[in-house]
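> Here you go, entry-v6.pdb (PDB, C-alpha atoms):
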MODEL        1
ATOM      1  CA  MET A   1      50.015 -38.462 -12.271
ATOM      2  CA  ARG A   2      48.003 -39.128 -15.410
ATOM      3  CA  ALA A   3      45.876 -42.283 -15.506
ATOM      4  CA  ALA A   4      48.072 -44.975 -17.007
ATOM      5  CA  VAL A   5      45.476 -46.495 -19.308
ATOM      6  CA  SER A   6      45.190 -45.908 -23.037
ATOM      7  CA  THR A   7      43.759 -49.243 -24.183
ATOM      8  CA  PRO A   8      40.056 -49.831 -24.864
ATOM      9  CA  PHE A   9      37.752 -51.047 -22.118
ATOM     10  CA  VAL A  10      37.595 -54.848 -22.495
ATOM     11  CA  PRO A  11      34.777 -56.575 -20.610
ATOM     12  CA  SER A  12      35.571 -59.709 -18.634
ATOM     13  CA  GLU A  13      33.989 -63.048 -19.464
ATOM     14  CA  VAL A  14      31.131 -63.068 -16.984
ATOM     15  CA  GLU A  15      27.433 -63.682 -17.316
ATOM     16  CA  GLY A  16      25.314 -60.628 -17.939
ATOM     17  CA  PRO A  17      25.724 -57.505 -20.053
ATOM     18  CA  CYS A  18      29.063 -55.746 -20.388
ATOM     19  CA  VAL A  19      29.681 -52.639 -22.406
ATOM     20  CA  PRO A  20      32.778 -52.650 -24.677
ATOM     21  CA  THR A  21      33.351 -48.928 -24.477
ATOM     22  CA  ALA A  22      36.705 -47.121 -24.721
ATOM     23  CA  LEU A  23      37.590 -45.180 -21.573
ATOM     24  CA  ASP A  24      38.562 -41.586 -22.252
ATOM     25  CA  THR A  25      41.195 -40.651 -19.672
ATOM     26  CA  LYS A  26      42.065 -37.251 -21.111
ATOM     27  CA  GLY A  27      42.594 -34.753 -18.312
ATOM     28  CA  VAL A  28      42.148 -37.393 -15.593
ATOM     29  CA  ASN A  29      44.713 -37.429 -12.789
ATOM     30  CA  GLY A  30      43.469 -40.373 -10.734
ATOM     31  CA  ARG A  31      44.517 -44.004 -10.914
ATOM     32  CA  LEU A  32      42.679 -46.417 -13.203
ATOM     33  CA  THR A  33      43.373 -50.134 -12.752
ATOM     34  CA  PRO A  34      41.943 -52.819 -15.071
ATOM     35  CA  SER A  35      40.873 -56.224 -13.693
ATOM     36  CA  ALA A  36      41.366 -55.043 -10.108
ATOM     37  CA  PRO A  37      40.665 -57.686  -7.418
ATOM     38  CA  LEU A  38      37.994 -56.464  -5.032
ATOM     39  CA  ALA A  39      38.172 -59.217  -2.379
ATOM     40  CA  PRO A  40      41.061 -57.471  -0.548
ATOM     41  CA  LEU A  41      38.995 -54.276  -0.393
ATOM     42  CA  VAL A  42      35.816 -55.714   1.166
ATOM     43  CA  TRP A  43      35.245 -57.056   4.654
ATOM     44  CA  PHE A  44      34.059 -60.495   3.569
ATOM     45  CA  LYS A  45      37.354 -60.998   1.642
ATOM     46  CA  SER A  46      35.508 -62.748  -1.171
ATOM     47  CA  GLY A  47      34.294 -62.008  -4.674
ATOM     48  CA  GLY A  48      35.628 -61.208  -8.118
ATOM     49  CA  ALA A  49      37.383 -58.284  -9.755
ATOM     50  CA  ALA A  50      36.299 -54.894 -11.027
ATOM     51  CA  GLU A  51      36.682 -54.549 -14.767
ATOM     52  CA  GLN A  52      38.086 -51.121 -13.978
ATOM     53  CA  LEU A  53      38.858 -49.564 -10.587
ATOM     54  CA  PHE A  54      39.098 -45.763 -10.562
ATOM     55  CA  GLU A  55      40.580 -43.857  -7.619
ATOM     56  CA  PRO A  56      40.066 -40.142  -8.333
ATOM     57  CA  ALA A  57      42.508 -37.463  -7.224
ATOM     58  CA  ASP A  58      39.700 -35.142  -6.079
ATOM     59  CA  SER A  59      36.050 -34.366  -6.749
ATOM     60  CA  GLY A  60      36.883 -32.353  -9.865
ATOM     61  CA  ASP A  61      38.854 -35.292 -11.212
ATOM     62  CA  LEU A  62      35.906 -37.602 -10.554
ATOM     63  CA  ALA A  63      33.525 -35.189 -12.279
ATOM     64  CA  ALA A  64      35.768 -34.981 -15.353
ATOM     65  CA  PHE A  65      36.120 -38.757 -15.522
ATOM     66  CA  LEU A  66      32.361 -39.379 -15.341
ATOM     67  CA  ARG A  67      31.620 -36.568 -17.782
ATOM     68  CA  HIS A  68      33.731 -38.295 -20.447
ATOM     69  CA  LEU A  69      32.629 -41.847 -19.599
ATOM     70  CA  ASP A  70      30.044 -43.416 -21.900
ATOM     71  CA  ILE A  71      26.725 -43.194 -20.049
ATOM     72  CA  ALA A  72      26.095 -46.890 -20.808
ATOM     73  CA  VAL A  73      29.067 -47.982 -18.676
ATOM     74  CA  PRO A  74      27.860 -48.915 -15.158
ATOM     75  CA  VAL A  75      29.548 -47.180 -12.214
ATOM     76  CA  LEU A  76      29.624 -48.443  -8.613
ATOM     77  CA  PRO A  77      30.983 -46.407  -5.664
ATOM     78  CA  LEU A  78      32.992 -48.343  -3.063
ATOM     79  CA  GLY A  79      33.656 -47.190   0.493
ATOM     80  CA  LEU A  80      35.243 -49.370   3.167
ATOM     81  CA  GLY A  81      33.587 -52.441   1.651
ATOM     82  CA  SER A  82      31.752 -53.319   4.861
ATOM     83  CA  ASN A  83      28.067 -53.767   3.988
ATOM     84  CA  LEU A  84      28.818 -55.343   0.638
ATOM     85  CA  ILE A  85      28.867 -58.736  -1.102
ATOM     86  CA  VAL A  86      30.844 -58.650  -4.346
ATOM     87  CA  ARG A  87      29.674 -61.615  -6.386
ATOM     88  CA  ASP A  88      32.256 -64.083  -7.657
ATOM     89  CA  GLY A  89      31.955 -63.130 -11.338
ATOM     90  CA  GLY A  90      33.146 -59.607 -10.622
ATOM     91  CA  VAL A  91      31.715 -56.178 -11.297
ATOM     92  CA  PRO A  92      31.231 -54.977 -14.897
ATOM     93  CA  GLY A  93      32.047 -51.374 -15.686
ATOM     94  CA  VAL A  94      33.879 -49.060 -13.304
ATOM     95  CA  VAL A  95      34.154 -49.252  -9.535
ATOM     96  CA  VAL A  96      34.976 -45.851  -8.002
ATOM     97  CA  ARG A  97      36.903 -45.909  -4.751
ATOM     98  CA  LEU A  98      37.258 -42.686  -2.784
ATOM     99  CA  GLY A  99      40.679 -42.815  -1.134
ATOM    100  CA  LYS A 100      42.756 -40.472   1.043
ATOM    101  CA  PRO A 101      41.857 -37.248  -0.804
ATOM    102  CA  PHE A 102      38.259 -37.819   0.303
ATOM    103  CA  ALA A 103      39.018 -38.884   3.877
ATOM    104  CA  ARG A 104      39.498 -35.465   5.457
ATOM    105  CA  VAL A 105      37.335 -34.093   8.273
ATOM    106  CA  GLU A 106      37.441 -30.544   9.673
ATOM    107  CA  ALA A 107      35.417 -28.539  12.165
ATOM    108  CA  ILE A 108      34.241 -25.337  10.497
ATOM    109  CA  ASP A 109      32.592 -23.801  13.579
ATOM    110  CA  ALA A 110      31.576 -24.768  17.116
ATOM    111  CA  THR A 111      28.907 -27.233  15.966
ATOM    112  CA  THR A 112      29.626 -28.096  12.336
ATOM    113  CA  LEU A 113      31.878 -30.577  10.541
ATOM    114  CA  ARG A 114      32.784 -30.794   6.868
ATOM    115  CA  CYS A 115      33.609 -34.406   5.959
ATOM    116  CA  GLY A 116      34.937 -36.053   2.833
ATOM    117  CA  GLY A 117      32.850 -38.838   1.346
ATOM    118  CA  GLY A 118      35.610 -41.345   2.061
ATOM    119  CA  ALA A 119      36.036 -40.455   5.745
ATOM    120  CA  SER A 120      35.307 -43.213   8.262
ATOM    121  CA  GLY A 121      32.832 -42.932  11.090
ATOM    122  CA  ILE A 122      35.678 -43.255  13.594
ATOM    123  CA  LEU A 123      37.489 -40.268  12.073
ATOM    124  CA  VAL A 124      34.317 -38.156  12.018
ATOM    125  CA  SER A 125      33.462 -38.867  15.651
ATOM    126  CA  SER A 126      37.055 -38.406  16.842
ATOM    127  CA  THR A 127      37.387 -35.064  15.059
ATOM    128  CA  ALA A 128      34.076 -33.982  16.562
ATOM    129  CA  ARG A 129      35.300 -34.946  20.028
ATOM    130  CA  ASP A 130      38.493 -32.928  19.646
ATOM    131  CA  ALA A 131      36.438 -29.902  18.545
ATOM    132  CA  GLY A 132      33.926 -30.298  21.378
ATOM    133  CA  ILE A 133      31.046 -31.225  19.070
ATOM    134  CA  ALA A 134      28.556 -33.728  20.497
ATOM    135  CA  GLY A 135      25.822 -35.671  18.738
ATOM    136  CA  VAL A 136      27.785 -37.674  16.167
ATOM    137  CA  GLU A 137      29.235 -40.258  18.565
ATOM    138  CA  PHE A 138      26.988 -42.933  17.068
ATOM    139  CA  LEU A 139      28.995 -42.808  13.822
ATOM    140  CA  ARG A 140      31.852 -44.389  15.799
ATOM    141  CA  SER A 141      29.924 -47.657  15.729
ATOM    142  CA  ILE A 142      29.112 -47.843  12.008
ATOM    143  CA  PRO A 143      31.705 -49.633   9.844
ATOM    144  CA  GLY A 144      31.594 -47.439   6.793
ATOM    145  CA  THR A 145      32.294 -44.058   5.239
ATOM    146  CA  VAL A 146      30.429 -40.783   5.034
ATOM    147  CA  GLY A 147      29.269 -41.531   1.488
ATOM    148  CA  GLY A 148      27.603 -44.744   2.643
ATOM    149  CA  PHE A 149      26.079 -43.090   5.709
ATOM    150  CA  VAL A 150      24.482 -40.409   3.531
ATOM    151  CA  ARG A 151      23.217 -42.842   0.895
ATOM    152  CA  MET A 152      21.728 -45.378   3.330
ATOM    153  CA  ASN A 153      20.797 -43.081   6.224
ATOM    154  CA  GLY A 154      23.219 -45.064   8.369
ATOM    155  CA  GLY A 155      22.417 -45.182  12.042
ATOM    156  CA  ALA A 156      22.909 -46.926  15.383
ATOM    157  CA  TYR A 157      22.074 -46.543  19.059
ATOM    158  CA  GLY A 158      18.959 -44.483  18.443
ATOM    159  CA  ARG A 159      20.502 -41.970  16.037
ATOM    160  CA  GLU A 160      20.784 -41.801  12.252
ATOM    161  CA  THR A 161      22.421 -39.689   9.575
ATOM    162  CA  ALA A 162      19.208 -37.738   8.925
ATOM    163  CA  ASP A 163      19.510 -36.330  12.478
ATOM    164  CA  VAL A 164      22.866 -34.638  11.855
ATOM    165  CA  LEU A 165      23.212 -34.051   8.104
ATOM    166  CA  VAL A 166      22.932 -30.469   6.846
ATOM    167  CA  GLU A 167      23.817 -31.016   3.188
ATOM    168  CA  CYS A 168      25.941 -33.181   0.937
ATOM    169  CA  GLU A 169      27.862 -32.632  -2.269
ATOM    170  CA  VAL A 170      27.495 -35.260  -4.969
ATOM    171  CA  VAL A 171      28.875 -35.946  -8.414
ATOM    172  CA  LEU A 172      26.109 -37.221 -10.643
ATOM    173  CA  ARG A 173      26.624 -39.975 -13.211
ATOM    174  CA  SER A 174      26.696 -37.243 -15.872
ATOM    175  CA  GLY A 175      29.677 -35.609 -14.133
ATOM    176  CA  GLU A 176      27.601 -32.680 -12.870
ATOM    177  CA  ARG A 177      28.332 -31.553  -9.306
ATOM    178  CA  GLN A 178      25.441 -30.651  -7.008
ATOM    179  CA  LYS A 179      24.841 -29.705  -3.387
ATOM    180  CA  LEU A 180      21.742 -31.293  -1.866
ATOM    181  CA  PRO A 181      20.169 -30.224   1.468
ATOM    182  CA  VAL A 182      19.017 -32.958   3.801
ATOM    183  CA  ALA A 183      15.378 -32.173   2.952
ATOM    184  CA  ALA A 184      16.012 -33.209  -0.657
ATOM    185  CA  LEU A 185      17.088 -36.738   0.263
ATOM    186  CA  GLY A 186      13.690 -38.126   1.311
ATOM    187  CA  TYR A 187      15.148 -40.061   4.232
ATOM    188  CA  SER A 188      13.456 -43.068   5.794
ATOM    189  CA  TYR A 189      14.820 -46.118   7.612
ATOM    190  CA  ARG A 190      18.073 -47.153   5.857
ATOM    191  CA  HIS A 191      16.948 -45.421   2.677
ATOM    192  CA  SER A 192      17.421 -42.166   0.804
ATOM    193  CA  GLU A 193      16.232 -40.756  -2.499
ATOM    194  CA  LEU A 194      19.738 -39.798  -3.560
ATOM    195  CA  PRO A 195      19.781 -39.622  -7.383
ATOM    196  CA  ALA A 196      20.654 -42.917  -9.054
ATOM    197  CA  GLY A 197      24.368 -43.081  -9.832
ATOM    198  CA  ALA A 198      25.257 -40.129  -7.595
ATOM    199  CA  ILE A 199      28.516 -40.400  -5.639
ATOM    200  CA  VAL A 200      28.725 -38.507  -2.341
ATOM    201  CA  VAL A 201      32.043 -36.632  -2.225
ATOM    202  CA  SER A 202      31.428 -34.593   0.935
ATOM    203  CA  ALA A 203      28.877 -33.926   3.652
ATOM    204  CA  THR A 204      28.253 -31.319   6.324
ATOM    205  CA  PHE A 205      27.154 -32.582   9.741
ATOM    206  CA  ARG A 206      25.869 -30.471  12.631
ATOM    207  CA  GLY A 207      25.970 -31.452  16.284
ATOM    208  CA  THR A 208      25.782 -29.481  19.509
ATOM    209  CA  PRO A 209      28.453 -27.992  21.789
ATOM    210  CA  GLY A 210      29.815 -30.643  24.130
ATOM    211  CA  ASN A 211      32.559 -31.503  26.576
ATOM    212  CA  PRO A 212      35.344 -33.543  24.938
ATOM    213  CA  ALA A 213      35.696 -35.796  27.990
ATOM    214  CA  ALA A 214      31.977 -36.577  28.008
ATOM    215  CA  ILE A 215      32.018 -37.193  24.268
ATOM    216  CA  GLN A 216      34.958 -39.572  24.673
ATOM    217  CA  ALA A 217      33.143 -41.430  27.455
ATOM    218  CA  GLU A 218      30.107 -41.911  25.201
ATOM    219  CA  MET A 219      32.307 -43.154  22.360
ATOM    220  CA  GLU A 220      33.949 -45.643  24.732
ATOM    221  CA  ARG A 221      30.537 -46.846  25.939
ATOM    222  CA  ILE A 222      29.413 -47.420  22.363
ATOM    223  CA  ALA A 223      32.662 -49.193  21.456
ATOM    224  CA  ALA A 224      32.422 -51.501  24.489
ATOM    225  CA  GLN A 225      28.781 -52.348  23.783
ATOM    226  CA  ARG A 226      29.604 -53.104  20.168
ATOM    227  CA  GLU A 227      32.588 -55.258  21.114
ATOM    228  CA  ALA A 228      30.443 -57.260  23.521
ATOM    229  CA  SER A 229      27.603 -57.913  21.102
ATOM    230  CA  GLN A 230      29.088 -58.136  17.588
ATOM    231  CA  PRO A 231      31.698 -60.376  15.911
ATOM    232  CA  LEU A 232      34.043 -57.491  15.137
ATOM    233  CA  ARG A 233      37.199 -59.533  14.593
ATOM    234  CA  SER A 234      35.681 -61.761  11.927
ATOM    235  CA  ARG A 235      35.286 -61.543   8.162
ATOM    236  CA  THR A 236      31.798 -60.154   8.119
ATOM    237  CA  GLY A 237      29.685 -57.552   6.374
ATOM    238  CA  GLY A 238      27.988 -55.939   9.353
ATOM    239  CA  SER A 239      24.228 -56.106   9.831
ATOM    240  CA  THR A 240      22.871 -58.361   7.088
ATOM    241  CA  PHE A 241      19.141 -57.580   7.161
ATOM    242  CA  LYS A 242      17.107 -54.493   7.999
ATOM    243  CA  ASN A 243      15.008 -54.652  11.140
ATOM    244  CA  PRO A 244      11.458 -55.568  10.034
ATOM    245  CA  ALA A 245       8.627 -53.368  11.286
ATOM    246  CA  GLY A 246       7.864 -54.317  14.874
ATOM    247  CA  HIS A 247      10.779 -56.759  15.155
ATOM    248  CA  LYS A 248      14.534 -56.983  15.488
ATOM    249  CA  ALA A 249      16.165 -58.956  12.709
ATOM    250  CA  TRP A 250      18.408 -60.962  15.012
ATOM    251  CA  GLU A 251      15.446 -62.063  17.135
ATOM    252  CA  VAL A 252      13.416 -63.506  14.258
ATOM    253  CA  ILE A 253      16.568 -65.160  12.851
ATOM    254  CA  ASP A 254      17.326 -66.729  16.221
ATOM    255  CA  ALA A 255      13.717 -67.855  16.695
ATOM    256  CA  ALA A 256      13.866 -69.599  13.307
ATOM    257  CA  GLY A 257      16.806 -71.713  14.528
ATOM    258  CA  CYS A 258      19.422 -70.065  12.313
ATOM    259  CA  ARG A 259      22.069 -69.172  14.914
ATOM    260  CA  GLY A 260      25.288 -70.936  13.834
ATOM    261  CA  LEU A 261      23.749 -72.172  10.548
ATOM    262  CA  ARG A 262      26.440 -72.963   7.942
ATOM    263  CA  ARG A 263      26.806 -73.315   4.199
ATOM    264  CA  GLY A 264      30.379 -74.312   3.441
ATOM    265  CA  ASP A 265      32.593 -71.758   5.174
ATOM    266  CA  ALA A 266      29.759 -69.233   5.410
ATOM    267  CA  GLN A 267      28.114 -69.113   8.833
ATOM    268  CA  VAL A 268      25.450 -67.220  10.740
ATOM    269  CA  SER A 269      27.303 -65.731  13.696
ATOM    270  CA  GLU A 270      26.816 -67.430  17.056
ATOM    271  CA  LYS A 271      27.446 -64.085  18.762
ATOM    272  CA  HIS A 272      24.997 -61.940  16.785
ATOM    273  CA  CYS A 273      22.847 -63.803  14.312
ATOM    274  CA  ASN A 274      22.150 -60.818  12.063
ATOM    275  CA  PHE A 275      25.809 -61.101  11.016
ATOM    276  CA  LEU A 276      27.090 -63.530   8.396
ATOM    277  CA  LEU A 277      30.693 -64.711   8.605
ATOM    278  CA  ASN A 278      33.310 -65.974   6.186
ATOM    279  CA  LEU A 279      35.172 -68.577   8.226
ATOM    280  CA  GLY A 280      38.003 -68.556   5.711
ATOM    281  CA  GLY A 281      37.129 -70.199   2.443
ATOM    282  CA  ALA A 282      33.572 -69.071   1.725
ATOM    283  CA  THR A 283      32.747 -67.778  -1.731
ATOM    284  CA  SER A 284      30.400 -64.858  -2.168
ATOM    285  CA  ALA A 285      27.901 -67.364  -3.589
ATOM    286  CA  ASP A 286      28.082 -69.318  -0.306
ATOM    287  CA  ILE A 287      27.491 -66.156   1.736
ATOM    288  CA  GLU A 288      24.582 -64.921  -0.365
ATOM    289  CA  ALA A 289      22.970 -68.376  -0.505
ATOM    290  CA  LEU A 290      23.209 -68.650   3.272
ATOM    291  CA  GLY A 291      21.476 -65.282   3.578
ATOM    292  CA  GLU A 292      18.692 -66.457   1.296
ATOM    293  CA  GLU A 293      18.310 -69.639   3.347
ATOM    294  CA  VAL A 294      17.974 -67.523   6.490
ATOM    295  CA  ARG A 295      15.301 -65.413   4.780
ATOM    296  CA  ALA A 296      13.395 -68.547   3.753
ATOM    297  CA  ARG A 297      13.535 -70.088   7.227
ATOM    298  CA  VAL A 298      12.402 -66.872   8.905
ATOM    299  CA  LYS A 299       9.518 -66.520   6.435
ATOM    300  CA  ALA A 300       8.434 -70.112   7.065
ATOM    301  CA  HIS A 301       8.704 -69.774  10.845
ATOM    302  CA  SER A 302       7.192 -66.361  11.527
ATOM    303  CA  GLY A 303       5.900 -65.000   8.232
ATOM    304  CA  VAL A 304       8.372 -62.110   8.485
ATOM    305  CA  GLU A 305       9.949 -61.066   5.176
ATOM    306  CA  LEU A 306      13.546 -60.046   5.858
ATOM    307  CA  GLU A 307      14.987 -57.373   3.558
ATOM    308  CA  TRP A 308      18.693 -57.326   2.758
ATOM    309  CA  GLU A 309      20.613 -54.406   4.254
ATOM    310  CA  ILE A 310      23.897 -55.572   2.762
ATOM    311  CA  GLN A 311      24.301 -54.500  -0.861
ATOM    312  CA  ARG A 312      24.965 -57.348  -3.325
ATOM    313  CA  VAL A 313      26.703 -56.354  -6.547
ATOM    314  CA  GLY A 314      28.285 -57.901  -9.631
ATOM    315  CA  GLU A 315      27.784 -61.087 -11.605
ATOM    316  CA  PRO A 316      27.380 -64.644 -10.269
TER     317      PRO A 316
ENDMDL
END
Output the file's structure in the form of structure tokens.


Amino acid sequence: MRAAVSTPFVPSEVEGPCVPTALDTKGVNGRLTPSAPLAPLVWFKSGGAAEQLFEPADSGDLAAFLRHLDIAVPVLPLGLGSNLIVRDGGVPGVVVRLGKPFARVEAIDATTLRCGGGASGILVSSTARDAGIAGVEFLRSIPGTVGGFVRMNGGAYGRETADVLVECEVVLRSGERQKLPVAALGYSYRHSELPAGAIVVSATFRGTPGNPAAIQAEMERIAAQREASQPLRSRTGGSTFKNPAGHKAWEVIDAAGCRGLRRGDAQVSEKHCNFLLNLGGATSADIEALGEEVRARVKAHSGVELEWEIQRVGEP
């Protein structure tokens, strides 16, 4: 189906720069939605709208769309919306959401998986289990998609994406498609040197041969540990701050007296105080302000400078 948009790009009335550029949809087969609410698509269930939301039909469709999009128009990729605060004024430009066409995972040999950029960690680990591939069980515990894992070197339980990634395919902001080996990504803790504006459309992971029953047992252990320690059934964004060098974020937050701290309907989780919660009516401004208050209290108490792990996007 052709993109059903032929009108010019009209920026919303928010603070900050917007670019009144016409969107060329010639040859594009994906879905383009103006003024698309983003709150239903993110875990916090708060925040404004995308000026345009684009859901490409495949990686070629995404490349064509970006190739014809004015380079001045900002583009933001969106996965499962877990580690993300969308500010209340919305997101200028185009938000790209990788849907079902990018959520496929297949085993290509006894140790290797090819995964779409929109595939969840649960799907990756389950497919690996069925194929007898061990070593990617930790992805079961990360609430996100392959694209986010690759960009942020996602990790948990002593493992991280850098340990299993072979290469990824990206579409650059220019619309050019490239394959990048893991060595080109400059991985460090929760950081990569992925080119600015690049969108990860697929990745190749390599594990080791394993017994499906043993892999399943490890996945169940991880799931049970996560259930016991994290507020999984709440409106949350996952881990809020990176672990500072020599510390665990939750420990310095707890020591600063922030467990249960509230600002409106935004709250520091009682169960795991590196998680922020939306108790129902919190705005994104409430959630972000609470995070900044936590950072200030931790700095005053211990001198530790907490760094946001959650991405904050859009206009106030």

> Which value, in Å to one decimal, gives the distance between CA of Leu261 in chain A and CA of Trp308 in chain A?

17.5 Å

> Under the PyMOL selection byres ((chain A and resi 88-96) around 8), which residues of this model are included? Write them out as a short mmCIF file (atom, residue, chain, number, x, y, z; two decimals) with C-alpha atoms, in the coordinates of the input.


data_model
loop_
_atom_site.label_atom_id
_atom_site.label_comp_id
_atom_site.auth_asym_id
_atom_site.auth_seq_id
_atom_site.Cartn_x
_atom_site.Cartn_y
_atom_site.Cartn_z
CA PRO A 11 34.78 -56.58 -20.61
CA SER A 12 35.57 -59.71 -18.63
CA VAL A 14 31.13 -63.07 -16.98
CA GLU A 15 27.43 -63.68 -17.32
CA PRO A 17 25.72 -57.50 -20.05
CA CYS A 18 29.06 -55.75 -20.39
CA VAL A 19 29.68 -52.64 -22.41
CA SER A 46 35.51 -62.75 -1.17
CA GLY A 47 34.29 -62.01 -4.67
CA GLY A 48 35.63 -61.21 -8.12
CA ALA A 49 37.38 -58.28 -9.76
CA ALA A 50 36.30 -54.89 -11.03
CA GLU A 51 36.68 -54.55 -14.77
CA GLN A 52 38.09 -51.12 -13.98
CA LEU A 53 38.86 -49.56 -10.59
CA PHE A 54 39.10 -45.76 -10.56
CA GLU A 55 40.58 -43.86 -7.62
CA PRO A 56 40.07 -40.14 -8.33
CA VAL A 73 29.07 -47.98 -18.68
CA PRO A 74 27.86 -48.92 -15.16
CA VAL A 75 29.55 -47.18 -12.21
CA LEU A 76 29.62 -48.44 -8.61
CA PRO A 77 30.98 -46.41 -5.66
CA LEU A 78 32.99 -48.34 -3.06
CA VAL A 86 30.84 -58.65 -4.35
CA ARG A 87 29.67 -61.62 -6.39
CA ARG A 97 36.90 -45.91 -4.75
CA LEU A 98 37.26 -42.69 -2.78
CA THR A 283 32.75 -67.78 -1.73
CA SER A 284 30.40 -64.86 -2.17
CA ALA A 285 27.90 -67.36 -3.59
CA VAL A 313 26.70 -56.35 -6.55
CA GLY A 314 28.28 -57.90 -9.63
CA GLU A 315 27.78 -61.09 -11.60
CA PRO A 316 27.38 -64.64 -10.27
#

> If we count all atoms listed in the file and set the cut-off at 8 Å, which residues sit around Met152 in chain A, ignoring sequence neighbours fewer than 2 positions away in its own chain? Please answer as an mmCIF file with C-alpha atoms, in the frame of the given file.


data_model
loop_
_atom_site.group_PDB
_atom_site.id
_atom_site.type_symbol
_atom_site.label_atom_id
_atom_site.label_comp_id
_atom_site.auth_asym_id
_atom_site.auth_seq_id
_atom_site.Cartn_x
_atom_site.Cartn_y
_atom_site.Cartn_z
ATOM 1 C CA GLY A 148 27.603 -44.744 2.643
ATOM 2 C CA PHE A 149 26.079 -43.090 5.709
ATOM 3 C CA VAL A 150 24.482 -40.409 3.531
ATOM 4 C CA GLY A 154 23.219 -45.064 8.369
ATOM 5 C CA ARG A 190 18.073 -47.153 5.857
ATOM 6 C CA HIS A 191 16.948 -45.421 2.677
ATOM 7 C CA SER A 192 17.421 -42.166 0.804
#

> Would you pick out the contacts of range 235-250 of chain A at 8 Å or less, using all atoms listed in the file, so that residues sharing its chain but fewer than 5 positions from it are not included, and give the list as number ranges by chain?

A: 43-45, 81-85, 143, 190, 272-280, 291, 304-310

> How would you write, as a ChimeraX atom specification, the residues chosen by the PyMOL selection byres ((chain A and resi 296) around 12) on this structure?

/A:252-253,256-258,289-295,297-307

> Quick one: residues within 8 Å of Thr127 in chain A, all atoms listed in the file, excluding same-chain residues fewer than 6 positions away - as a VMD selection string?

chain A and resid 105 to 107

> Which is closer to Val171 in chain A than all the others in A:Ser126, A:Ser202, A:Gln267, A:Ser229, using all atoms listed in the file?

A:Ser202

> How many Å separate CA of Thr111 in chain A from CA of Ser125 in chain A?

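Distance between the two atoms: 12.5 Å.
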
> So that I can check the surroundings of Ala214 in chain A, please list as a list in words every protein, DNA and RNA residue that reaches within 12 Å of it, counting all atoms listed in the file and ignoring chain neighbours fewer than 2 positions away.

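Once the nearby chain positions are removed, what remains is Ala128, Arg129, Asp130, Gly132, Ile133, Ala134, Gly135, Glu137, Pro209, Gly210, Asn211, Pro212, Gln216, Ala217, Glu218, Met219, Glu220 and Arg221 of chain A.
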
> Give me, please, the distance in Å between CA of Gly60 in chain A and CA of Gly147 in chain A, quoted to one decimal.

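Distance reported for this atom pair: 16.5 Å.
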
> Please write the residues picked by the PyMOL selection byres ((chain A and resi 177) around 10) on this file as a PyMOL selection string.

chain A and resi 59-60+62-63+169-176+178-180+198-201

> Find the residue from A:Cys168, A:Ile222, A:Leu113, A:Leu80 that sits nearest to Lys100 in chain A; use only C-alpha atoms when measuring.

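Checking each candidate against Lys100 in chain A, we get A:Leu80 as the closest.
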
> A:Leu23, A:Leu123, A:Ala228, A:Leu185: which is nearest Asp70 in chain A, counting all atoms listed in the file?

A:Leu23

> For Phe138 in chain A, work out the shell of residues within 7 Å, counting all atoms listed in the file and skipping chain neighbours fewer than 5 positions away, then give it as a list in words.

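The filter keeps Ala156, Tyr157 and Arg159 of chain A.
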
> Under the rule that all atoms listed in the file are counted, which of A:Gln311, A:Ser141, A:Ser269, A:Asn153 is the nearest residue to Arg226 in chain A?

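Between A:Gln311, A:Ser141, A:Ser269, A:Asn153, the residue approaching Arg226 in chain A most closely is A:Ser141.
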
> Can I get a file of range 133-159 of chain A from the given structure, C-alpha atoms kept, as a short mmCIF file (atom, residue, chain, number, x, y, z; two decimals), in the first residue's frame?


data_model
loop_
_atom_site.label_atom_id
_atom_site.label_comp_id
_atom_site.auth_asym_id
_atom_site.auth_seq_id
_atom_site.Cartn_x
_atom_site.Cartn_y
_atom_site.Cartn_z
CA ILE A 133 22.05 -22.14 20.44
CA ALA A 134 23.28 -21.08 23.88
CA GLY A 135 24.78 -17.78 24.99
CA VAL A 136 21.99 -15.32 24.19
CA GLU A 137 19.71 -16.21 27.10
CA PHE A 138 20.47 -12.87 28.75
CA LEU A 139 18.53 -11.07 25.99
CA ARG A 140 15.39 -12.64 27.50
CA SER A 141 15.69 -10.17 30.37
CA ILE A 142 16.12 -6.94 28.40
CA PRO A 143 12.88 -5.11 27.52
CA GLY A 144 13.75 -3.92 24.06
CA THR A 145 14.51 -4.80 20.45
CA VAL A 146 17.60 -5.85 18.56
CA GLY A 147 18.10 -2.33 17.20
CA GLY A 148 18.27 -0.93 20.73
CA PHE A 149 20.54 -3.72 21.95
CA VAL A 150 23.01 -3.00 19.15
CA ARG A 151 22.93 0.77 19.60
CA MET A 152 23.31 0.76 23.40
CA ASN A 153 25.32 -2.44 23.88
CA GLY A 154 22.40 -3.78 25.91
CA GLY A 155 23.29 -6.30 28.56
CA ALA A 156 22.29 -8.08 31.77
CA TYR A 157 23.42 -10.86 34.07
CA GLY A 158 27.08 -10.52 33.16
CA ARG A 159 26.65 -10.54 29.38
#
